[in-house]
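Enquirer: Just dropping this structure here.
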Amino acid sequence: MNPRGDSSLDKFLLSGLEDIESRGLMRKLSALDGPQQTRVTRNGRELWNFTSNDYLGLATQTAMKAADKAECERSGFGTGASRLICGTLAAHEELDSTIAEFKQTPAALSFSSGYAAAMGTIPALCGAGDVIILDKLSHACLVDAARLSGAVLRVFPHNDLCKLESHLKWARAKHPGAKILVVAESIYSMDGDRAPLREMVELKERHGAWLFLDEAHAVGVIGQQGRGLADEVGVAARVEIQMGTLGKAMGSHGAYIAGSRALRNYLINRARSFIFSTSPPAPVAAASRKAIEIVASPEGESLRARLWKNLQHLQSLLPINAPASAILPVLIGNETAAVETSARLLEKGFLVPAIRFPTVAKGSARLRITLTSAHTASGIESLAEALQECAA
Ligand SMILES: *Cc1c(COP(=O)(O)O)cnc(C)c1O
């Protein structure tokens with residue numbers, strides 16, 4: 001042990017950090033001084049927050065806090081064990097059935113995060129000898145989960161149906177007995193665009209594959225009662241494995257897999273991130289349940305209407321296409337240029353981070369703007385003005 005920082009480990013770490021810095025890729029943490037909402041305070045400065053995934057402003061909502069407090073009184077905080085030992089409390093079972101009802105699936109299983117849901121589910125379904133076909137822009141947790149599974153991986157260019165079909169044909173021909181799993185998102189987290197879901201569902205059915213669909217950025221925002229894109233395009237019942245997160249539009253924390261009863265029971269027995277991890281605090285589960293209740297209610301409907309109105313307002317002020325989701329990327333390209341633009345926006349009081357490698361491909365660095373239902377028209381107008389000044 002050498003606490004002074006000159007151990008061989010630290011030498012390795014410091015040279016790695018130097019390398020990251022020299023490529024303009026250094027990332028640092030920066031805490032907010034108060035809650036996460038449209039106006040935030042950081043290092044004593046008040047800023048417009050245009051980067052949160054709390055699309056409906058639920059993270060700080062009074063009803064959510066009340067649900068959390070009441071559950072804390074009923075069940076305490078920590079759960080003391082994993083779900084299969086003694087860590088399943090009423091709040092977890094209530095959340096699971098609320099998710100199933102919301103998603104209109106026979107069953108659902110909640111996880112402690114989206115990352116854990118993907119890492120537990122994909123390797124439980126596929127292994128060596130199987131084939132997983134992923135969209136190129138799939139979230140890191142989907143890629144990591146596919147790798148962990150040991151299945152043969154094939155990647156198709158983003159939303160490229162022809163290449164998806166040729167991979168499906170190849171998999172059927174080369175691995176006749178294999179399970180084939182297509183993995184995709186419905187709304188892509190860094191591009192904000194939509195998957196051609198109806199066509200993808202038709203393709204996976206024609207070739208006898210299953211579809212794992214990550215709706216992280218669609219639940220709450222798109223579809224009837226905010227059920228997601230599969231619901232909106234009318235294919236939800238044909239998507240075998242429907243993943244969603246509870247930490248974005250739901251304003252809480254955690255994630256779920258919705259599908260058949262057999263899928264839930266199988267994951268309870270085979271998803272390692274579920275089995276070998278302490279269950280989430282009951283108040284978190286209760287807050288998630290409250291969030292789903294709000295999202296599916298007329299109040300949720302009006303929050304969604306406000307969000308879409310905000311998105312249209314920003315679109316009317318900038319030379320951009322009609323938004324497909326609450327995520328609006330402004331492509332810059334060069335990593336350093338993106339960081340500099342983001343820094344100029346910060347000087348003007350706008351929190352709009354640069355997204356760079358390894359989150360997106362090298363040379364496709366961007367500003368990632370997200371809007372929420374809680375943004376005001378004047379806030380959106382000031383952002384548009386600042387963006388035009390910083391781009392000029
Ligand atoms: C955020 C995100 C996840 C991870 O969910 P967490 O609950 O934050 O772990 C998974 N998939 C996509 C597409 C995401 O954007």
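Residue numbers start at 1 in each chain; chains themselves are named A, B, ... in the order of the structure tokens; ligands are numbered from 1 in the order shown.
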Do you know which residues are within 10 Å of ligand 1 using only C-alpha atoms and all ligand atoms? Can you write them as an MDAnalysis selection string?
Expert: chainID A and resid 53 111:118 137:142 184:190 213:218 243:248 252:256
Enquirer: Show me, as JSON, numbers by chain, the residues that have an atom within 6 Å of Ala108 in chain A when counting only C-alpha atoms, minus same-chain residues fewer than 5 positions from it.
Expert: {"A": [96, 100, 257, 258, 264]}
Enquirer: A:Ile327, A:Ala107, A:Ala271, A:Leu161: which is nearest Asp135 in chain A, counting only C-alpha atoms?
Expert: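 The answer is A:Leu161, which sits nearest to Asp135 in chain A.
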Enquirer: For Glu381 in chain A, find every residue with an atom within 10 Å (counting only C-alpha atoms), except residues of its own chain fewer than 5 positions away, and show them as a tab-separated table (two decimals) with C-alpha atoms, in the first residue's frame.
Expert:
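Here's the written file out02.tsv:
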chain	number	residue	atom	x	y	z
A	313	HIS	CA	-41.46	26.15	-29.55
A	314	LEU	CA	-37.70	25.47	-29.60
A	316	SER	CA	-39.68	27.21	-34.30
A	317	LEU	CA	-36.68	29.23	-33.07
A	318	LEU	CA	-33.85	27.11	-34.49
A	376	THR	CA	-40.89	28.08	-19.62
A	386	ALA	CA	-27.59	31.86	-26.64
A	387	LEU	CA	-27.17	28.94	-29.04
Enquirer: Which polymer residues have any atom within 10 Å of an atom of Ala81 in chain A, counting only C-alpha atoms, with same-chain residues fewer than 2 positions away left out, as a PDB file with N, CA, C and O atoms, in the first residue's frame?
Expert:
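Just written: result.pdb:
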ATOM      1  N   GLY A  78     -33.534   0.812   4.041  1.00  0.00           N
ATOM      2  CA  GLY A  78     -32.813  -0.318   3.454  1.00  0.00           C
ATOM      3  C   GLY A  78     -33.651  -1.586   3.489  1.00  0.00           C
ATOM      4  O   GLY A  78     -34.544  -1.738   4.323  1.00  0.00           O
ATOM      5  N   THR A  79     -33.351  -2.498   2.565  1.00  0.00           N
ATOM      6  CA  THR A  79     -34.138  -3.732   2.493  1.00  0.00           C
ATOM      7  C   THR A  79     -33.399  -4.924   3.069  1.00  0.00           C
ATOM      8  O   THR A  79     -33.973  -5.991   3.254  1.00  0.00           O
ATOM      9  N   ARG A  83     -33.915  -9.610  -3.413  1.00  0.00           N
ATOM     10  CA  ARG A  83     -35.337  -9.939  -3.529  1.00  0.00           C
ATOM     11  C   ARG A  83     -35.623 -11.400  -3.161  1.00  0.00           C
ATOM     12  O   ARG A  83     -36.653 -11.703  -2.568  1.00  0.00           O
ATOM     13  N   LEU A  84     -34.710 -12.313  -3.549  1.00  0.00           N
ATOM     14  CA  LEU A  84     -34.971 -13.737  -3.313  1.00  0.00           C
ATOM     15  C   LEU A  84     -34.685 -14.176  -1.875  1.00  0.00           C
ATOM     16  O   LEU A  84     -35.107 -15.258  -1.462  1.00  0.00           O
ATOM     17  N   ILE A  85     -33.967 -13.378  -1.118  1.00  0.00           N
ATOM     18  CA  ILE A  85     -33.703 -13.759   0.274  1.00  0.00           C
ATOM     19  C   ILE A  85     -34.866 -13.220   1.118  1.00  0.00           C
ATOM     20  O   ILE A  85     -35.897 -13.841   1.179  1.00  0.00           O
ATOM     21  N   CYS A  86     -34.694 -11.994   1.719  1.00  0.00           N
ATOM     22  CA  CYS A  86     -35.861 -11.456   2.426  1.00  0.00           C
ATOM     23  C   CYS A  86     -36.087 -10.001   2.033  1.00  0.00           C
ATOM     24  O   CYS A  86     -36.710  -9.237   2.744  1.00  0.00           O
ATOM     25  N   GLY A  87     -35.551  -9.625   0.855  1.00  0.00           N
ATOM     26  CA  GLY A  87     -35.622  -8.221   0.446  1.00  0.00           C
ATOM     27  C   GLY A  87     -36.798  -7.884  -0.455  1.00  0.00           C
ATOM     28  O   GLY A  87     -36.824  -6.805  -1.045  1.00  0.00           O
ATOM     29  N   THR A  88     -37.768  -8.769  -0.586  1.00  0.00           N
ATOM     30  CA  THR A  88     -38.980  -8.401  -1.328  1.00  0.00           C
ATOM     31  C   THR A  88     -40.002  -7.884  -0.336  1.00  0.00           C
ATOM     32  O   THR A  88     -40.473  -8.623   0.533  1.00  0.00           O
ATOM     33  N   PHE A 276     -28.334 -11.445  -7.405  1.00  0.00           N
ATOM     34  CA  PHE A 276     -27.186 -11.230  -6.518  1.00  0.00           C
ATOM     35  C   PHE A 276     -27.009  -9.779  -6.123  1.00  0.00           C
ATOM     36  O   PHE A 276     -25.883  -9.308  -5.976  1.00  0.00           O
ATOM     37  N   SER A 277     -28.097  -9.040  -5.952  1.00  0.00           N
ATOM     38  CA  SER A 277     -27.988  -7.631  -5.601  1.00  0.00           C
ATOM     39  C   SER A 277     -29.109  -7.264  -4.633  1.00  0.00           C
ATOM     40  O   SER A 277     -30.252  -7.720  -4.784  1.00  0.00           O
ATOM     41  N   THR A 278     -28.776  -6.467  -3.645  1.00  0.00           N
ATOM     42  CA  THR A 278     -29.763  -6.043  -2.652  1.00  0.00           C
ATOM     43  C   THR A 278     -30.900  -5.283  -3.334  1.00  0.00           C
ATOM     44  O   THR A 278     -30.647  -4.460  -4.221  1.00  0.00           O
ATOM     45  N   SER A 279     -32.122  -5.551  -2.949  1.00  0.00           N
ATOM     46  CA  SER A 279     -33.255  -4.900  -3.610  1.00  0.00           C
ATOM     47  C   SER A 279     -33.267  -3.405  -3.290  1.00  0.00           C
ATOM     48  O   SER A 279     -32.769  -2.978  -2.258  1.00  0.00           O
ATOM     49  N   PRO A 280     -33.845  -2.604  -4.184  1.00  0.00           N
ATOM     50  CA  PRO A 280     -33.868  -1.149  -3.977  1.00  0.00           C
ATOM     51  C   PRO A 280     -34.692  -0.783  -2.737  1.00  0.00           C
ATOM     52  O   PRO A 280     -35.612  -1.509  -2.363  1.00  0.00           O
TER      53      PRO A 280
END
Enquirer: Would you compute the distance between CA of Asn334 in chain A and CA of Ser364 in chain A? Give it in Å to one decimal.
Expert: 6.7 Å
Enquirer: Residues near Ala338 in chain A, anyone? I mean within 6 Å using only C-alpha atoms, not counting same-chain ones fewer than 5 positions away, as a list in words.
Expert: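 Counting only the stated atoms, we get Ile332, Ala354 and Arg366 of chain A.
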Enquirer: Suppose we keep N, CA and C atoms; can you now write the selection as a compact mmCIF listing (two decimals), in the first residue's frame?
Expert:
# COMPACT_ATOMS: atom_id res chain seq x y z
N ILE A 332 -21.74 18.89 -33.46
CA ILE A 332 -20.60 19.79 -33.63
C ILE A 332 -19.47 19.05 -34.35
N ALA A 354 -21.55 18.93 -23.51
CA ALA A 354 -21.04 18.31 -24.73
C ALA A 354 -21.02 16.80 -24.48
N ARG A 366 -21.29 16.39 -29.77
CA ARG A 366 -22.49 17.18 -29.94
C ARG A 366 -22.91 17.86 -28.65
Enquirer: Near Gly234 in chain A, within 12 Å and counting only C-alpha atoms, which residues show up once chain neighbours fewer than 5 positions away are dropped, as a JSON list (two decimals) with all heavy atoms, in the first residue's frame?
Expert:
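To be explicit, this is the file written out as out-v1.json:
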[["chain", "number", "residue", "atom", "x", "y", "z"],
["A", 197, "LEU", "N", -39.93, 0.87, -35.84],
["A", 197, "LEU", "CA", -40.34, -0.28, -35.02],
["A", 197, "LEU", "C", -41.25, -1.27, -35.73],
["A", 197, "LEU", "O", -41.11, -2.47, -35.58],
["A", 197, "LEU", "CB", -41.08, 0.21, -33.78],
["A", 197, "LEU", "CG", -40.28, 0.28, -32.49],
["A", 197, "LEU", "CD1", -41.23, 0.51, -31.33],
["A", 197, "LEU", "CD2", -39.49, -1.00, -32.28],
["A", 198, "ARG", "N", -42.23, -0.74, -36.49],
["A", 198, "ARG", "CA", -43.18, -1.66, -37.13],
["A", 198, "ARG", "C", -42.43, -2.60, -38.07],
["A", 198, "ARG", "O", -42.62, -3.81, -38.04],
["A", 198, "ARG", "CB", -44.24, -0.85, -37.89],
["A", 198, "ARG", "CG", -45.49, -1.66, -38.16],
["A", 198, "ARG", "CD", -46.61, -0.81, -38.75],
["A", 198, "ARG", "NE", -47.09, 0.24, -37.88],
["A", 198, "ARG", "CZ", -47.07, 1.54, -38.18],
["A", 198, "ARG", "NH1", -46.56, 1.95, -39.33],
["A", 198, "ARG", "NH2", -47.54, 2.44, -37.35],
["A", 199, "GLU", "N", -41.50, -2.03, -38.85],
["A", 199, "GLU", "CA", -40.73, -2.83, -39.80],
["A", 199, "GLU", "C", -39.81, -3.80, -39.06],
["A", 199, "GLU", "O", -39.63, -4.95, -39.48],
["A", 199, "GLU", "CB", -39.88, -1.91, -40.69],
["A", 199, "GLU", "CG", -40.69, -1.02, -41.64],
["A", 199, "GLU", "CD", -41.23, 0.27, -40.98],
["A", 199, "GLU", "OE1", -41.09, 0.44, -39.75],
["A", 199, "GLU", "OE2", -41.81, 1.09, -41.70],
["A", 201, "VAL", "N", -40.30, -5.16, -36.15],
["A", 201, "VAL", "CA", -41.11, -6.24, -35.59],
["A", 201, "VAL", "C", -41.46, -7.24, -36.69],
["A", 201, "VAL", "O", -41.39, -8.46, -36.50],
["A", 201, "VAL", "CB", -42.38, -5.67, -34.91],
["A", 201, "VAL", "CG1", -43.41, -6.75, -34.64],
["A", 201, "VAL", "CG2", -42.00, -4.95, -33.61],
["A", 223, "GLY", "N", -46.67, 7.68, -26.74],
["A", 223, "GLY", "CA", -47.65, 6.60, -26.65],
["A", 223, "GLY", "C", -48.81, 6.95, -25.73],
["A", 223, "GLY", "O", -48.73, 7.89, -24.93],
["A", 224, "GLN", "N", -49.88, 6.15, -25.84],
["A", 224, "GLN", "CA", -51.04, 6.38, -24.99],
["A", 224, "GLN", "C", -50.64, 6.24, -23.54],
["A", 224, "GLN", "O", -50.00, 5.25, -23.17],
["A", 224, "GLN", "CB", -52.10, 5.34, -25.33],
["A", 224, "GLN", "CG", -53.20, 5.88, -26.21],
["A", 224, "GLN", "CD", -54.38, 4.95, -26.14],
["A", 224, "GLN", "OE1", -55.04, 4.84, -25.11],
["A", 224, "GLN", "NE2", -54.62, 4.27, -27.24],
["A", 227, "ARG", "N", -47.03, 5.09, -22.60],
["A", 227, "ARG", "CA", -46.55, 3.71, -22.54],
["A", 227, "ARG", "C", -45.35, 3.43, -23.43],
["A", 227, "ARG", "O", -44.76, 2.36, -23.36],
["A", 227, "ARG", "CB", -47.69, 2.75, -22.89],
["A", 227, "ARG", "CG", -48.64, 2.50, -21.73],
["A", 227, "ARG", "CD", -49.49, 1.28, -21.96],
["A", 227, "ARG", "NE", -50.43, 1.49, -23.04],
["A", 227, "ARG", "CZ", -51.67, 1.99, -22.87],
["A", 227, "ARG", "NH1", -52.08, 2.29, -21.67],
["A", 227, "ARG", "NH2", -52.47, 2.15, -23.89],
["A", 228, "GLY", "N", -45.01, 4.36, -24.32],
["A", 228, "GLY", "CA", -43.82, 4.17, -25.14],
["A", 228, "GLY", "C", -44.12, 4.11, -26.63],
["A", 228, "GLY", "O", -45.27, 4.23, -27.06],
["A", 229, "LEU", "N", -43.05, 3.93, -27.40],
["A", 229, "LEU", "CA", -43.19, 3.97, -28.87],
["A", 229, "LEU", "C", -43.86, 2.71, -29.40],
["A", 229, "LEU", "O", -44.63, 2.78, -30.37],
["A", 229, "LEU", "CB", -41.81, 4.16, -29.51],
["A", 229, "LEU", "CG", -41.81, 4.35, -31.03],
["A", 229, "LEU", "CD1", -42.56, 5.62, -31.44],
["A", 229, "LEU", "CD2", -40.38, 4.40, -31.57],
["A", 239, "VAL", "N", -43.74, -7.30, -29.06],
["A", 239, "VAL", "CA", -42.36, -7.14, -28.58],
["A", 239, "VAL", "C", -42.20, -8.01, -27.33],
["A", 239, "VAL", "O", -42.82, -7.74, -26.30],
["A", 239, "VAL", "CB", -42.03, -5.66, -28.26],
["A", 239, "VAL", "CG1", -40.61, -5.53, -27.74],
["A", 239, "VAL", "CG2", -42.25, -4.79, -29.49]]
Enquirer: Hey, what does DSSP flag as alpha helix (DSSP H) within range 113-255 of chain A? Can you give it to me as an NGL selection string?
Expert: :A and (114-125 or 140-149 or 161-174 or 197-206 or 229-232)
Enquirer: Go ahead and compute the interatomic distance for CA of Leu32 in chain A and CA of Leu14 in chain A, in Å to one decimal.
Expert: 27.1 Å
Enquirer: What is the distance, in Å and to one decimal place, between CA of Val330 in chain A and CA of Lys136 in chain A?
Expert: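 Distance reported for this atom pair: 19.6 Å.
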Enquirer: Which parts of range 61-248 of chain A does DSSP call strand (DSSP E or B) when run on the backbone here, written out as a PyMOL selection string?
Expert: chain A and resi 82+107-111+131-135+152-156+180-185+187+194+210-214+241-245
Enquirer: Kindly save the residues from that selection, with N, CA, C and O atoms included, as a tab-separated table (two decimals), in the first residue's frame.
Expert:
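Once everything was written out, this is out.tsv:
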chain	number	residue	atom	x	y	z
A	82	SER	N	-31.31	-9.32	-0.90
A	82	SER	CA	-31.80	-9.37	-2.27
A	82	SER	C	-33.26	-9.79	-2.28
A	82	SER	O	-33.78	-10.29	-1.27
A	107	ALA	N	-46.99	-9.59	-17.08
A	107	ALA	CA	-46.13	-9.47	-15.89
A	107	ALA	C	-45.00	-8.49	-16.14
A	107	ALA	O	-44.77	-8.04	-17.27
A	108	ALA	N	-44.30	-8.15	-15.06
A	108	ALA	CA	-43.12	-7.28	-15.16
A	108	ALA	C	-42.23	-7.56	-13.97
A	108	ALA	O	-42.68	-8.12	-12.95
A	109	LEU	N	-40.97	-7.19	-14.10
A	109	LEU	CA	-40.02	-7.35	-12.99
A	109	LEU	C	-39.17	-6.08	-12.92
A	109	LEU	O	-38.59	-5.66	-13.93
A	110	SER	N	-39.13	-5.46	-11.72
A	110	SER	CA	-38.33	-4.25	-11.59
A	110	SER	C	-36.88	-4.61	-11.24
A	110	SER	O	-36.62	-5.64	-10.61
A	111	PHE	N	-35.99	-3.75	-11.64
A	111	PHE	CA	-34.55	-3.90	-11.38
A	111	PHE	C	-34.05	-2.62	-10.72
A	111	PHE	O	-34.73	-1.59	-10.78
A	131	VAL	N	-27.29	-15.95	-31.27
A	131	VAL	CA	-26.88	-14.76	-32.02
A	131	VAL	C	-27.65	-13.55	-31.50
A	131	VAL	O	-28.88	-13.59	-31.36
A	132	ILE	N	-26.92	-12.46	-31.21
A	132	ILE	CA	-27.56	-11.20	-30.83
A	132	ILE	C	-27.23	-10.16	-31.90
A	132	ILE	O	-26.07	-10.00	-32.28
A	133	ILE	N	-28.27	-9.50	-32.40
A	133	ILE	CA	-28.11	-8.50	-33.46
A	133	ILE	C	-28.50	-7.14	-32.89
A	133	ILE	O	-29.64	-6.94	-32.46
A	134	LEU	N	-27.54	-6.21	-32.85
A	134	LEU	CA	-27.78	-4.92	-32.21
A	134	LEU	C	-27.69	-3.76	-33.19
A	134	LEU	O	-26.86	-3.77	-34.10
A	135	ASP	N	-28.50	-2.73	-32.92
A	135	ASP	CA	-28.34	-1.46	-33.62
A	135	ASP	C	-27.02	-0.84	-33.17
A	135	ASP	O	-26.66	-0.89	-32.01
A	152	VAL	N	-22.84	-14.89	-30.32
A	152	VAL	CA	-22.22	-14.28	-31.48
A	152	VAL	C	-22.92	-12.94	-31.70
A	152	VAL	O	-24.15	-12.87	-31.67
A	153	LEU	N	-22.14	-11.86	-31.89
A	153	LEU	CA	-22.74	-10.53	-32.04
A	153	LEU	C	-22.66	-10.05	-33.48
A	153	LEU	O	-21.66	-10.24	-34.15
A	154	ARG	N	-23.73	-9.42	-33.94
A	154	ARG	CA	-23.75	-8.76	-35.23
A	154	ARG	C	-24.34	-7.38	-35.00
A	154	ARG	O	-25.33	-7.24	-34.27
A	155	VAL	N	-23.73	-6.36	-35.61
A	155	VAL	CA	-24.20	-4.99	-35.43
A	155	VAL	C	-24.68	-4.46	-36.78
A	155	VAL	O	-24.01	-4.69	-37.79
A	156	PHE	N	-25.84	-3.81	-36.80
A	156	PHE	CA	-26.28	-3.19	-38.06
A	156	PHE	C	-26.20	-1.68	-37.93
A	156	PHE	O	-26.39	-1.13	-36.84
A	180	ILE	N	-32.20	-16.25	-31.71
A	180	ILE	CA	-31.73	-14.98	-32.29
A	180	ILE	C	-32.47	-13.85	-31.58
A	180	ILE	O	-33.70	-13.84	-31.53
A	181	LEU	N	-31.69	-12.93	-31.03
A	181	LEU	CA	-32.27	-11.80	-30.30
A	181	LEU	C	-31.87	-10.49	-30.97
A	181	LEU	O	-30.68	-10.22	-31.15
A	182	VAL	N	-32.87	-9.70	-31.35
A	182	VAL	CA	-32.60	-8.36	-31.88
A	182	VAL	C	-32.69	-7.39	-30.71
A	182	VAL	O	-33.65	-7.46	-29.92
A	183	VAL	N	-31.69	-6.52	-30.58
A	183	VAL	CA	-31.66	-5.57	-29.47
A	183	VAL	C	-31.65	-4.16	-30.03
A	183	VAL	O	-30.82	-3.83	-30.88
A	184	ALA	N	-32.60	-3.33	-29.58
A	184	ALA	CA	-32.67	-1.96	-30.09
A	184	ALA	C	-33.33	-1.05	-29.06
A	184	ALA	O	-33.92	-1.52	-28.08
A	185	GLU	N	-33.20	0.23	-29.29
A	185	GLU	CA	-33.91	1.22	-28.46
A	185	GLU	C	-35.08	1.74	-29.28
A	185	GLU	O	-35.08	1.61	-30.51
A	187	ILE	N	-36.27	5.09	-28.71
A	187	ILE	CA	-35.77	6.45	-28.90
A	187	ILE	C	-34.28	6.40	-28.55
A	187	ILE	O	-33.92	5.95	-27.46
A	194	ARG	N	-36.18	8.01	-33.69
A	194	ARG	CA	-36.99	6.83	-33.41
A	194	ARG	C	-36.56	5.64	-34.26
A	194	ARG	O	-36.16	5.81	-35.41
A	210	TRP	N	-36.42	-12.88	-31.59
A	210	TRP	CA	-37.12	-12.14	-30.54
A	210	TRP	C	-36.61	-10.70	-30.53
A	210	TRP	O	-35.49	-10.43	-30.97
A	211	LEU	N	-37.42	-9.80	-29.99
A	211	LEU	CA	-36.99	-8.39	-29.90
A	211	LEU	C	-36.90	-7.94	-28.45
A	211	LEU	O	-37.87	-8.07	-27.68
A	212	PHE	N	-35.73	-7.41	-28.09
A	212	PHE	CA	-35.52	-6.76	-26.80
A	212	PHE	C	-35.52	-5.27	-27.09
A	212	PHE	O	-34.64	-4.77	-27.80
A	213	LEU	N	-36.51	-4.56	-26.57
A	213	LEU	CA	-36.65	-3.14	-26.89
A	213	LEU	C	-36.47	-2.28	-25.64
A	213	LEU	O	-37.23	-2.40	-24.67
A	214	ASP	N	-35.47	-1.41	-25.69
A	214	ASP	CA	-35.19	-0.50	-24.57
A	214	ASP	C	-35.93	0.82	-24.82
A	214	ASP	O	-35.57	1.57	-25.72
A	241	ILE	N	-39.68	-8.64	-25.18
A	241	ILE	CA	-38.98	-8.17	-23.99
A	241	ILE	C	-38.95	-6.64	-24.03
A	241	ILE	O	-38.23	-6.04	-24.82
A	242	GLN	N	-39.75	-6.01	-23.17
A	242	GLN	CA	-39.87	-4.56	-23.17
A	242	GLN	C	-39.20	-3.99	-21.93
A	242	GLN	O	-39.66	-4.19	-20.82
A	243	MET	N	-38.12	-3.26	-22.18
A	243	MET	CA	-37.40	-2.65	-21.07
A	243	MET	C	-37.76	-1.16	-20.98
A	243	MET	O	-38.01	-0.51	-21.99
A	244	GLY	N	-37.80	-0.65	-19.76
A	244	GLY	CA	-37.99	0.79	-19.58
A	244	GLY	C	-37.26	1.20	-18.32
A	244	GLY	O	-36.91	0.35	-17.49
A	245	THR	N	-37.01	2.49	-18.17
A	245	THR	CA	-36.34	2.94	-16.95
A	245	THR	C	-37.29	3.81	-16.14
A	245	THR	O	-38.25	4.37	-16.65
Enquirer: Using only C-alpha atoms, which protein or nucleic acid residues come within 10 Å of Ala66 in chain A? Drop anything in the same chain fewer than 3 positions from it, and give the result as a ChimeraX atom specification.
Expert: /A:61-63,69-72,283,286-287,290
